[in-house]
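Some notes on the structure that comes next.
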Amino acid sequence: EIILQKLKSEGYSVDACYDGAEAMDILSYTEYDAVLLDIMMPGKSGLEVLSEWTESIHHQIERLNSLVTQLLTLAKMEEGGGELELKTWNASETIMDAVTSFEAPAVTKQIALQSDIAEEVYMEGDAARIHQLVSLLVDNAVKYTPEGGKIHICWRKNGKKAEFSVQNTCDTLPEGDLNRLFDRFYRADASRARESGGYGIGLSVAAAIVKAHKGKITAERTRDGICFKAVFPAKG
């Protein structure tokens, strides 16, 4: 009866549908659900609530898809490199391309993103995986750097080594060995991780990519934050 009255108030003809059956035929499922939500949640449009729910579900699906993709990548890496397409190439271009994609998110959080990427630094490896590695580390920095903070990215050749580092300011750091951050599903701050949408798998994938390229990755405290550094054999 309440639903019927609401339908009438919305201007629908319900003379022959007191049981609500024909009313559902008149309305699309979205409209009908919106009417129900109008009744259940007065003061807010049912369509607005549906839109919020749909957006939330879409966001959760994206997070789960990302998790599955990262788990598959990690499994492939741990099984023997994940079929790396090895070549010797100018990795500077790949790294610059990956870093550039995070300029807009950094601006949104008022983060000062500074990059110091040396040109013509060659290495042997899989360009797509190195691009993924850089994206994972920079994305992690953007997520956990507070508004108004700083991120410094460096890529350089140091003797026979090629070094990539991401340093960012942060509010808090876990006690003890920071290399625990590379453990699968480890999250130093579960509440912050939930807010950022993380599952504690991205850094594990990053570590696996570095290992597959015969490199080494570390996490160290700095004066006002943390620094992730990946070191690879350089070419040329």
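We label chains A, B, ... in the order they appear in the structure tokens, count residues from 1 in each chain, and number ligands from 1 in the order shown.
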With only C-alpha atoms as the counted atoms, please give the residues lying no more than 8 Å from Gln114 of chain A, apart from itself and same-chain residues fewer than 6 positions off, as a PDB file with C-alpha atoms, in the first residue's frame.
ATOM      1  CA  LYS A 150      57.010  15.356  -1.668  1.00  0.00           C
ATOM      2  CA  ILE A 151      58.079  12.511  -3.955  1.00  0.00           C
ATOM      3  CA  HIS A 152      61.517  12.306  -5.515  1.00  0.00           C
ATOM      4  CA  ILE A 153      62.198   9.801  -8.294  1.00  0.00           C
TER       5      ILE A 153
END
> Near Gly215 of chain A, within 12 Å and counting only C-alpha atoms, which residues show up once chain neighbours fewer than 3 positions away are dropped, as a ChimeraX atom specification?
Replying inline: /A:123-125,130,161-164,206-212,218,229-234
> Quick one: residues within 10 Å of Ala127 of chain A, only C-alpha atoms counted, chain neighbours fewer than 6 positions away excluded, as a ChimeraX atom specification?
Replying inline: /A:84-91,93-95,133
Selection above as a file: C-alpha atoms, as an mmCIF file, in the first residue's frame:
data_model
loop_
_atom_site.group_PDB
_atom_site.id
_atom_site.type_symbol
_atom_site.label_atom_id
_atom_site.label_comp_id
_atom_site.auth_asym_id
_atom_site.auth_seq_id
_atom_site.Cartn_x
_atom_site.Cartn_y
_atom_site.Cartn_z
ATOM 1 C CA LEU A 84 60.328 -12.255 -19.706
ATOM 2 C CA GLU A 85 60.888 -10.775 -23.156
ATOM 3 C CA LEU A 86 64.538 -9.893 -22.659
ATOM 4 C CA LYS A 87 66.310 -7.245 -24.691
ATOM 5 C CA THR A 88 68.896 -4.528 -24.181
ATOM 6 C CA TRP A 89 67.245 -1.130 -24.486
ATOM 7 C CA ASN A 90 67.276 2.468 -23.285
ATOM 8 C CA ALA A 91 65.274 2.038 -20.090
ATOM 9 C CA GLU A 93 62.473 6.283 -21.944
ATOM 10 C CA THR A 94 60.357 3.530 -20.384
ATOM 11 C CA ILE A 95 60.819 4.942 -16.902
ATOM 12 C CA LEU A 133 57.674 -1.957 -11.621
#
